[in-house]
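Quick look at final_15.cif (mmCIF, C-alpha atoms and all ligand atoms):
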```cif
data_input
#
loop_
_atom_site.label_atom_id
_atom_site.label_comp_id
_atom_site.auth_asym_id
_atom_site.auth_seq_id
_atom_site.Cartn_x
_atom_site.Cartn_y
_atom_site.Cartn_z
CA MET Q 1 28.05 2.44 16.49
CA ALA Q 2 26.49 2.65 13.04
CA GLU Q 3 23.82 5.22 12.43
CA ARG Q 4 20.37 3.81 12.83
CA PRO Q 5 18.63 3.42 9.44
CA GLN Q 6 16.35 6.39 8.86
CA VAL Q 7 13.55 4.06 7.83
CA LEU Q 8 12.98 3.21 11.46
CA ALA Q 9 12.90 6.75 12.70
CA GLY Q 10 9.24 7.43 11.95
CA ALA Q 11 6.14 6.26 13.71
CA ARG Q 12 5.20 4.38 10.54
CA ASN Q 13 7.23 1.37 11.63
CA LEU Q 14 4.88 0.76 14.52
CA GLY Q 15 5.13 -2.73 15.86
CA ARG Q 16 8.64 -3.46 14.63
CA ASP Q 17 10.29 -1.43 17.39
CA ASP Q 18 7.73 -2.57 19.96
CA THR Q 19 8.53 -6.23 19.40
CA GLY Q 20 12.26 -5.74 19.07
CA ASP Q 21 11.92 -6.87 15.46
CA SER Q 22 13.85 -3.91 14.09
CA PRO Q 23 16.77 -3.99 11.66
CA ALA Q 24 19.07 -2.95 14.50
CA ALA Q 25 17.76 -5.77 16.70
CA ARG Q 26 18.05 -8.27 13.91
CA LEU Q 27 21.66 -7.41 13.20
CA THR Q 28 22.56 -8.23 16.80
CA ARG Q 29 21.43 -11.82 16.21
CA LEU Q 30 24.36 -12.44 13.85
CA LYS Q 31 28.13 -12.07 14.10
CA GLU Q 32 31.01 -12.50 11.66
CA GLY Q 33 31.51 -16.18 10.92
CA ASP Q 34 27.82 -17.05 11.21
CA THR Q 35 25.88 -18.40 8.29
CA VAL Q 36 22.70 -16.96 6.81
CA THR Q 37 20.26 -19.49 5.38
CA ALA Q 38 18.28 -18.13 2.45
CA ARG Q 39 15.38 -20.05 0.95
CA ILE Q 40 14.85 -18.36 -2.39
CA PHE Q 41 11.85 -18.57 -4.72
CA CYS Q 42 12.84 -19.83 -8.17
CA PHE Q 43 10.54 -20.00 -11.17
CA ASP Q 44 10.88 -19.61 -14.90
CA PRO Q 45 7.36 -19.57 -16.37
CA ALA Q 46 8.83 -20.37 -19.79
CA SER Q 47 10.29 -23.71 -18.72
CA ASP Q 48 9.20 -24.68 -15.18
CA ALA Q 49 5.96 -26.47 -14.41
CA ALA Q 50 5.80 -24.99 -10.92
CA PRO Q 51 7.78 -22.69 -8.63
CA ARG Q 52 10.30 -24.18 -6.20
CA PHE Q 53 12.51 -22.90 -3.39
CA GLU Q 54 16.28 -23.27 -3.42
CA THR Q 55 18.18 -23.06 -0.14
CA HIS Q 56 21.60 -21.37 0.02
CA ARG Q 57 23.97 -20.87 2.93
CA VAL Q 58 25.79 -17.56 2.81
CA PRO Q 59 28.61 -16.39 5.16
CA TYR Q 60 27.49 -13.39 7.21
CA THR Q 61 29.48 -10.18 6.93
CA LYS Q 62 29.06 -7.13 9.17
CA TRP Q 63 25.98 -4.97 8.42
CA MET Q 64 24.92 -7.41 5.71
CA ARG Q 65 21.74 -6.57 3.77
CA VAL Q 66 19.44 -8.89 1.84
CA LEU Q 67 20.78 -7.61 -1.49
CA GLU Q 68 24.25 -8.83 -0.57
CA VAL Q 69 22.85 -12.32 -0.02
CA LEU Q 70 21.17 -12.27 -3.43
CA THR Q 71 24.32 -11.00 -5.11
CA TYR Q 72 26.41 -13.65 -3.36
CA VAL Q 73 24.04 -16.38 -4.55
CA SER Q 74 23.97 -15.16 -8.14
CA GLU Q 75 27.67 -14.29 -8.43
CA GLU Q 76 29.79 -16.16 -5.87
CA LEU Q 77 27.79 -19.39 -5.83
CA GLY Q 78 27.54 -19.33 -9.62
CA GLY Q 79 23.77 -19.48 -9.34
CA ASP Q 80 21.33 -18.59 -12.03
CA LEU Q 81 19.20 -16.38 -9.80
CA ALA Q 82 17.30 -13.51 -11.45
CA HIS Q 83 16.79 -10.44 -9.27
CA ARG Q 84 16.58 -6.73 -9.98
CA TRP Q 85 18.52 -3.87 -8.40
CA PHE Q 86 20.16 -0.67 -9.44
CA CYS Q 87 21.19 1.97 -6.89
CA ALA Q 88 21.58 -0.21 -3.77
CA ASN Q 89 20.82 2.92 -1.77
CA ARG Q 90 17.01 3.06 -1.18
CA MET Q 91 16.59 5.50 -4.04
CA CYS Q 92 15.47 3.62 -7.16
CA GLY Q 93 12.89 1.21 -5.69
CA THR Q 94 13.78 -1.66 -8.03
CA CYS Q 95 15.02 -4.28 -5.54
CA ALA Q 96 11.79 -4.79 -3.56
CA VAL Q 97 11.11 -8.40 -2.54
CA ARG Q 98 9.30 -10.17 0.26
CA VAL Q 99 11.40 -11.46 3.15
CA ASN Q 100 9.68 -13.80 5.57
CA GLY Q 101 6.32 -12.57 4.30
CA ARG Q 102 6.99 -8.83 4.50
CA GLU Q 103 7.69 -6.42 1.63
CA VAL Q 104 11.12 -4.80 1.93
CA LEU Q 105 13.84 -3.17 -0.13
CA ALA Q 106 16.58 -5.79 -0.45
CA CYS Q 107 19.25 -3.09 -0.46
CA TRP Q 108 18.09 -1.68 2.86
CA GLU Q 109 16.85 -4.68 4.80
CA PRO Q 110 19.28 -6.31 7.23
CA VAL Q 111 19.58 -10.05 6.87
CA GLU Q 112 18.05 -12.49 9.30
CA PRO Q 113 19.58 -15.85 10.25
CA GLU Q 114 16.89 -17.64 8.25
CA MET Q 115 15.07 -15.98 5.41
CA THR Q 116 12.48 -16.98 2.86
CA ILE Q 117 12.82 -14.59 -0.05
CA GLU Q 118 9.99 -14.29 -2.58
CA PRO Q 119 8.95 -11.91 -5.35
CA LEU Q 120 6.36 -9.18 -4.71
CA ARG Q 121 2.70 -10.16 -4.99
CA ASN Q 122 0.04 -8.76 -7.30
CA ALA Q 123 2.26 -8.86 -10.39
CA PRO Q 124 3.28 -11.72 -12.70
CA VAL Q 125 6.71 -13.28 -12.21
CA VAL Q 126 9.10 -12.83 -15.13
CA ARG Q 127 11.69 -15.11 -13.51
CA ASP Q 128 12.66 -15.87 -9.90
CA LEU Q 129 12.45 -12.57 -7.97
CA VAL Q 130 11.84 -10.37 -11.01
CA ILE Q 131 8.25 -9.26 -11.52
CA ASP Q 132 6.55 -7.71 -14.54
CA ARG Q 133 5.73 -4.08 -13.68
CA THR Q 134 3.80 -3.41 -16.92
CA ALA Q 135 0.26 -3.72 -15.53
CA TYR Q 136 1.19 -1.59 -12.52
CA GLU Q 137 2.72 1.12 -14.69
CA ARG Q 138 -0.36 1.14 -16.92
CA ARG Q 139 -2.48 1.80 -13.83
CA VAL Q 140 -0.26 4.74 -12.94
CA VAL Q 141 -0.50 6.20 -16.45
CA ALA Q 142 -4.30 5.75 -16.49
CA LEU Q 143 -4.49 8.21 -13.58
CA THR Q 144 -2.59 10.89 -15.59
CA PRO Q 145 -0.40 11.86 -12.62
CA TRP Q 146 1.29 14.85 -14.17
CA LEU Q 147 0.60 18.54 -13.56
CA VAL Q 148 -2.01 20.16 -15.78
CA ARG Q 149 -1.94 23.93 -15.35
CA GLN Q 150 -4.93 26.15 -15.96
CA GLU Q 151 -3.07 29.30 -14.87
CA PRO Q 152 -0.14 30.50 -16.98
CA TYR Q 153 3.35 29.62 -15.73
CA PRO Q 154 4.46 32.69 -13.78
CA GLY Q 155 8.17 32.19 -14.55
CA PHE Q 156 11.14 31.06 -12.50
CA PRO Q 157 11.35 30.95 -9.53
CA GLU Q 158 7.68 30.15 -9.10
CA PRO Q 159 6.33 31.61 -5.84
CA LEU Q 160 5.38 28.53 -3.79
CA THR Q 161 5.18 28.44 -0.02
CA HIS Q 162 6.06 25.49 2.19
CA ARG Q 163 2.55 25.61 3.57
CA ALA Q 164 1.00 25.32 0.09
CA MET Q 165 3.25 22.41 -0.86
CA ALA Q 166 3.04 20.56 2.46
CA PRO Q 167 0.12 18.25 1.52
CA THR Q 168 1.92 16.94 -1.57
CA ALA Q 169 5.44 16.92 -0.14
CA ARG Q 170 5.37 13.40 1.33
CA ALA Q 171 3.94 11.87 -1.85
CA LEU Q 172 6.96 13.28 -3.71
CA ASP Q 173 9.13 10.84 -1.72
CA CYS Q 174 7.56 7.81 -3.45
CA ILE Q 175 10.19 5.67 -5.18
CA SER Q 176 7.63 3.42 -6.96
CA CYS Q 177 9.01 0.32 -5.29
CA MET Q 178 5.59 -1.40 -5.33
CA CYS Q 179 5.93 -2.68 -1.75
CA CYS Q 180 2.55 -1.18 -0.86
CA PHE Q 181 1.00 -2.50 -4.06
CA SER Q 182 2.13 -6.00 -3.14
CA ALA Q 183 0.83 -5.72 0.43
CA CYS Q 184 -2.62 -4.38 -0.47
CA PRO Q 185 -5.34 -6.99 0.05
CA VAL Q 186 -7.77 -5.14 -2.21
CA VAL Q 187 -5.34 -5.19 -5.16
CA GLY Q 188 -5.02 -8.91 -4.39
CA LEU Q 189 -8.71 -9.37 -5.25
CA GLY Q 190 -7.73 -9.01 -8.91
CA GLN Q 191 -10.59 -8.65 -11.37
CA GLU Q 192 -13.17 -8.29 -8.58
CA THR Q 193 -12.21 -4.64 -8.17
CA SER Q 194 -11.02 -1.83 -10.39
CA PHE Q 195 -9.09 -0.31 -7.46
CA ALA Q 196 -5.89 1.29 -8.80
CA GLY Q 197 -3.90 0.40 -5.68
CA PRO Q 198 -1.93 2.44 -3.15
CA ALA Q 199 1.17 3.36 -5.18
CA PRO Q 200 -0.74 4.64 -8.23
CA LEU Q 201 -2.98 6.66 -5.90
CA VAL Q 202 0.07 8.16 -4.18
CA GLN Q 203 1.18 9.31 -7.64
CA LEU Q 204 -2.25 10.80 -8.25
CA ALA Q 205 -2.27 12.52 -4.85
CA ARG Q 206 1.11 14.05 -5.68
CA VAL Q 207 -0.56 16.20 -8.35
CA ALA Q 208 -4.07 16.35 -6.86
CA LEU Q 209 -2.74 18.08 -3.74
CA ASP Q 210 -0.37 20.35 -5.64
CA PRO Q 211 -1.65 23.95 -5.72
CA ARG Q 212 -0.42 24.37 -9.33
CA ASP Q 213 -2.65 21.61 -10.68
CA GLY Q 214 -5.87 22.73 -12.30
CA ILE Q 215 -8.06 19.75 -13.21
CA ASP Q 216 -10.68 17.69 -11.40
CA ARG Q 217 -8.59 14.99 -9.75
CA GLY Q 218 -11.47 13.81 -7.56
CA ARG Q 219 -13.30 12.53 -10.62
CA ILE Q 220 -10.17 10.70 -11.83
CA ALA Q 221 -9.64 9.14 -8.38
CA LEU Q 222 -13.16 7.80 -8.48
CA GLU Q 223 -13.64 6.86 -12.12
CA HIS Q 224 -10.13 5.54 -12.90
CA GLY Q 225 -8.86 4.72 -9.41
CA ALA Q 226 -12.00 3.36 -7.64
CA VAL Q 227 -10.57 5.10 -4.59
CA PHE Q 228 -13.49 4.15 -2.34
CA ASP Q 229 -12.56 0.46 -2.67
CA CYS Q 230 -9.72 1.11 -0.21
CA ILE Q 231 -10.69 -0.45 3.11
CA SER Q 232 -8.22 1.63 5.17
CA CYS Q 233 -6.45 -1.43 6.55
CA TYR Q 234 -3.08 0.41 6.58
CA LYS Q 235 -1.15 -2.63 5.33
CA CYS Q 236 0.38 -0.40 2.64
CA GLU Q 237 1.69 2.09 5.18
CA GLU Q 238 3.19 -0.67 7.31
CA VAL Q 239 5.58 -1.68 4.53
CA CYS Q 240 6.41 1.63 2.84
CA PRO Q 241 10.22 1.88 3.08
CA VAL Q 242 10.14 5.67 2.97
CA SER Q 243 7.32 6.00 5.52
CA ILE Q 244 4.80 7.80 3.32
CA PRO Q 245 1.44 8.21 5.11
CA ILE Q 246 -0.30 6.52 2.18
CA VAL Q 247 -3.78 6.35 3.70
CA THR Q 248 -3.97 9.56 5.68
CA GLY Q 249 -1.80 11.66 3.35
CA ALA Q 250 -2.92 10.40 -0.07
CA ILE Q 251 -5.95 8.11 -0.17
CA GLU Q 252 -8.14 9.89 2.37
CA PRO Q 253 -7.58 13.33 0.74
CA LEU Q 254 -8.39 11.75 -2.64
CA LYS Q 255 -11.59 10.29 -1.22
CA ALA Q 256 -12.53 13.76 0.03
CA LEU Q 257 -11.86 15.25 -3.41
CA ALA Q 258 -13.84 12.47 -5.09
CA PHE Q 259 -16.79 13.00 -2.83
CA LYS Q 260 -16.70 16.74 -3.48
CA SER Q 261 -16.44 16.28 -7.25
CA VAL Q 262 -19.00 13.57 -7.83
CA ALA Q 263 -20.98 13.15 -4.63
CA GLY Q 264 -23.89 11.56 -6.46
CA LYS Q 265 -21.66 8.92 -8.03
CA SER Q 266 -19.67 7.75 -5.03
CA ARG Q 267 -21.94 5.03 -3.79
CA HIS Q 268 -19.52 4.07 -1.01
CA ALA Q 269 -19.61 7.58 0.50
CA ARG Q 270 -23.40 7.83 0.15
CA VAL Q 271 -23.99 4.46 1.81
CA PHE Q 272 -21.45 5.30 4.53
CA LEU Q 273 -23.24 8.56 5.38
CA LYS Q 274 -26.64 6.91 5.41
CA ILE Q 275 -25.50 4.17 7.78
CA VAL Q 276 -23.94 6.65 10.21
CA GLN Q 277 -27.05 8.81 10.09
CA ALA Q 278 -29.32 5.82 10.72
CA ARG Q 279 -27.23 4.05 13.39
CA GLY Q 280 -24.78 6.56 14.77
CA ARG Q 281 -21.75 4.53 13.73
CA ILE Q 282 -20.49 2.56 10.77
CA ASP Q 283 -21.63 -1.02 10.36
CA PRO Q 284 -19.12 -2.92 8.13
CA SER Q 285 -21.55 -5.60 6.91
CA ALA Q 286 -24.20 -3.02 6.04
CA LEU Q 287 -21.55 -1.00 4.22
CA VAL Q 288 -20.36 -3.95 2.12
CA LEU Q 289 -23.95 -4.96 1.34
CA GLY Q 290 -24.93 -1.40 0.45
CA VAL Q 291 -21.94 -0.91 -1.85
CA GLN Q 292 -21.64 -4.32 -3.48
CA ARG Q 293 -25.29 -5.39 -3.18
CA LEU Q 294 -25.82 -9.04 -4.18
CA ALA Q 295 -22.21 -9.39 -5.33
CA ALA Q 296 -21.24 -9.23 -1.64
CA LEU Q 297 -22.90 -12.63 -1.09
CA ARG Q 298 -20.85 -14.37 -3.79
CA HIS Q 299 -18.13 -15.42 -1.39
CA PRO Q 300 -19.66 -17.17 1.63
CA LEU Q 301 -16.26 -18.44 2.81
CA ARG Q 302 -14.88 -14.91 2.93
CA ILE Q 303 -17.98 -13.73 4.83
CA PHE Q 304 -17.52 -16.58 7.32
CA LYS Q 305 -13.85 -15.68 7.85
CA LEU Q 306 -14.68 -12.00 8.41
CA TRP Q 307 -17.34 -12.97 10.92
CA ARG Q 308 -14.94 -15.35 12.73
CA ARG Q 309 -12.38 -12.54 12.99
CA GLY Q 310 -15.02 -10.17 14.39
CA LYS Q 311 -14.84 -7.87 11.36
CA ILE Q 312 -18.56 -8.10 10.63
CA ASP Q 313 -21.66 -8.93 12.65
CA PRO Q 314 -24.59 -9.85 10.37
CA LEU Q 315 -26.93 -10.20 13.38
CA LYS Q 316 -26.38 -6.58 14.43
CA THR Q 317 -26.89 -5.54 10.81
CA MET Q 318 -30.20 -7.40 10.58
CA LEU Q 319 -31.42 -6.01 13.92
CA GLY Q 320 -30.51 -2.48 12.81
CA PHE Q 321 -28.35 -1.85 15.90
CA ARG Q 322 -28.06 1.88 16.69
CA LEU Q 323 -26.36 4.02 19.30
CA PRO Q 324 -28.54 5.49 22.09
CA ASP Q 325 -27.50 9.08 21.20
CA ILE Q 326 -28.56 8.74 17.59
CA GLU Q 327 -30.74 11.89 17.67
CA GLN Q 328 -27.74 14.06 18.47
CA ILE Q 329 -25.86 12.57 15.53
CA ARG Q 330 -28.78 13.25 13.20
CA GLN Q 331 -28.89 16.84 14.39
CA ILE Q 332 -25.21 17.20 13.51
CA TYR Q 333 -25.97 15.92 10.02
CA GLN Q 334 -28.81 18.36 9.60
CA ALA Q 335 -26.72 21.26 10.83
CA VAL Q 336 -23.73 20.46 8.64
CA ARG Q 337 -25.24 19.51 5.31
CA GLY Q 338 -28.92 18.86 5.68
CA GLY Q 339 -28.46 15.06 5.82
CA PRO Q 340 -27.20 12.67 3.15
CA ARG Q 341 -28.47 13.17 -0.35
S1 LIG R 401 -5.24 0.90 3.30
FE1 LIG R 401 -6.22 0.78 1.29
S2 LIG R 401 -4.56 0.96 -0.18
FE2 LIG R 401 -3.62 0.52 1.82
S3 LIG R 401 -3.40 -1.70 1.82
FE3 LIG R 401 -5.37 -1.29 2.81
S4 LIG R 401 -6.86 -1.36 1.13
FE4 LIG R 401 -4.84 -1.23 0.17
S1 LIG R 402 4.15 4.64 -1.52
FE1 LIG R 402 5.94 3.78 -0.43
S2 LIG R 402 5.69 1.56 -0.67
FE2 LIG R 402 4.34 2.49 -2.16
S3 LIG R 402 5.52 2.56 -4.05
FE3 LIG R 402 5.81 4.53 -3.02
S4 LIG R 402 7.65 4.27 -1.78
FE4 LIG R 402 6.99 2.21 -2.37
#
```
So, in terms of structure tokens, how does the structure I just supplied come out?
Ligand code: SF4
Ligand code: SF4
Amino acid sequence: MAERPQVLAGARNLGRDDTGDSPAARLTRLKEGDTVTARIFCFDPASDAAPRFETHRVPYTKWMRVLEVLTYVSEELGGDLAHRWFCANRMCGTCAVRVNGREVLACWEPVEPEMTIEPLRNAPVVRDLVIDRTAYERRVVALTPWLVRQEPYPGFPEPLTHRAMAPTARALDCISCMCCFSACPVVGLGQETSFAGPAPLVQLARVALDPRDGIDRGRIALEHGAVFDCISCYKCEEVCPVSIPIVTGAIEPLKALAFKSVAGKSRHARVFLKIVQARGRIDPSALVLGVQRLAALRHPLRIFKLWRRGKIDPLKTMLGFRLPDIEQIRQIYQAVRGGPR
């Protein structure tokens, strides 16, 4: 039996194993001689008025991956399909696409009997499945994610312990595939936020958590990354093909650094603390109102949808709902840091 893909080994693929929707499970749905039906997004902004989908039927071969389907369509069927790939081995991160609505690496993702294959979101399409990475790469560069030493280089080999490097170690695995960037709903808000996005922040965390780095990364995370705009929805982690704990291992530590560096400037953290001190727990609608102020009311349809999905409760916000043990919580605040500033 073939070795199970490592991507499924970690707890980060929660839900896929639970529902049987794993690569291993999917491969059992097909056998040699079957046909895979691929509905592929096609669009050339230079000549097409609108995108369209082209359907291709591809003979299944054992252990077939999505990349093999794309290659078959562009080479064997004589198609004109544009798609990007390089290593075909989950190393270079260039072949990321969306399959049936989920961001995946084409080289690593087993095929399904019926697939809709689209380009990643949150980036312009160059042609078909190829996206323009320029804006994304500019965001990465704006965060200056390279080591800046204040201490002199002690020479080779540099004495570094596993313990000291542990916080940054997982971020080093990032292959810049942009799957998380495509899945992030906050990046999808476009101009409404200056949030750098999950992948650029992983790059920033890589140096921010490195003991050799010597500059104020918290300030950069806040001023150039708008790190507090992350809503901790974990959609980025769900799709990361190398199982990086993007929220807990990169974004949350950056938020902590940002709060430490520029506590007075991080309105999100200030409002968050005030709400918890006043009510004993976080109140999402009060948080959004406190951070975005009147701008939060610009999208009534979005507010309605959030309310319908139980994400916010404006009535509780207006009534100033608080927990019965609120005094104990306030005492904790006083003891720890004398209450919010
Ligand atoms: S957790 Fe934050 S970075 Fe990740 S998808 Fe949600 S908003 Fe984006
Ligand atoms: S964090 Fe994961 S999903 Fe995001 S770019 Fe890096 S490897 Fe890809």
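Look at everything within 12 Å of (26.0, -10.8, -6.5) using only C-alpha atoms, and the residues you get are Val58, Arg65, Val66, Leu67, Glu68, Val69, Leu70, Thr71, Tyr72, Val73, Ser74, Glu75, Glu76, Leu77, Gly78, Gly79, Asp80, Leu81, Ala82, His83, Arg84, Trp85, Ala88 and Cys107 of chain Q.
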Mind running region 105-147 of chain Q against region 194-218 of chain Q at 12 Å and telling me each contacting residue's nearest atom pair with the distance in Å (one decimal), counting all atoms listed in the file, chain and number ascending, as CSV?
```
residue,atom,partner,partner_atom,distance
Q:Asn122,CA,Q:Gly197,CA,10.1
Q:Ala135,CA,Q:Ala196,CA,10.4
Q:Tyr136,CA,Q:Pro200,CA,7.8
Q:Glu137,CA,Q:Pro200,CA,8.1
Q:Arg138,CA,Q:Pro200,CA,9.4
Q:Arg139,CA,Q:Ala196,CA,6.1
Q:Val140,CA,Q:Pro200,CA,4.7
Q:Val141,CA,Q:Pro200,CA,8.4
Q:Ala142,CA,Q:Ala196,CA,9.0
Q:Leu143,CA,Q:Leu204,CA,6.3
Q:Thr144,CA,Q:Leu204,CA,7.3
Q:Pro145,CA,Q:Leu204,CA,4.9
Q:Trp146,CA,Q:Val207,CA,6.3
Q:Leu147,CA,Q:Asp213,CA,5.3
```
Inset, instruction - Could I get the residue neighbourhood of ligand LIG 402 (chain R) at 7 Å, counting all atoms listed in the file, as JSON, numbers by chain? - result: {"Q": [93, 173, 174, 175, 176, 177, 178, 179, 180, 181, 198, 199, 202, 236, 239, 240, 241, 242, 243, 244, 246]}
Can I get the residues of chain Q within 7 Å of ligand LIG 401 (chain R), each with the closest pair of atoms and their distance in Å to one decimal, using all atoms listed in the file, sorted chain first then ascending number, as a tab-separated table?
```
residue	atom	partner	partner_atom	distance
Q:Cys180	CA	R:LIG401	S3	6.5
Q:Ala183	CA	R:LIG401	S3	6.0
Q:Cys184	CA	R:LIG401	S3	3.6
Q:Pro185	CA	R:LIG401	FE4	5.8
Q:Val186	CA	R:LIG401	S4	5.1
Q:Val187	CA	R:LIG401	FE4	6.7
Q:Gly197	CA	R:LIG401	S2	5.6
Q:Pro198	CA	R:LIG401	S2	4.2
Q:Cys230	CA	R:LIG401	FE1	3.8
Q:Ile231	CA	R:LIG401	S4	4.4
Q:Ser232	CA	R:LIG401	S1	3.6
Q:Cys233	CA	R:LIG401	FE3	3.9
Q:Tyr234	CA	R:LIG401	S1	4.0
Q:Lys235	CA	R:LIG401	S3	4.3
Q:Cys236	CA	R:LIG401	S3	4.1
Q:Glu237	CA	R:LIG401	FE2	6.5
Q:Ile246	CA	R:LIG401	FE2	6.9
Q:Val247	CA	R:LIG401	S1	5.7
```
Do you have the CA of Arg330 (chain Q)-CA of Leu306 (chain Q) distance handy?
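We find that CA of Arg330 (chain Q) and CA of Leu306 (chain Q) lie 29.3 Å from each other.
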Shell of 7 Å around Ala258 (chain Q), only C-alpha atoms, local chain residues under 2 positions omitted, as a PyMOL selection string | chain Q and resi 218-219+221-222+254-256+260-262
- Item | Val130 (chain Q) environment, 9 Å, only C-alpha atoms, sequence neighbours closer than 4 positions dropped, as a PyMOL selection string | chain Q and resi 82-84+95+97+119-120+124-126
Exercise. For Ala250 (chain Q), which of Q:Thr193, Q:Ser285, Q:Thr168, Q:Ser266 is the closest residue, counting only C-alpha atoms?
Worked result: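 For Ala250 (chain Q), the nearest of the given residues is Q:Thr168.
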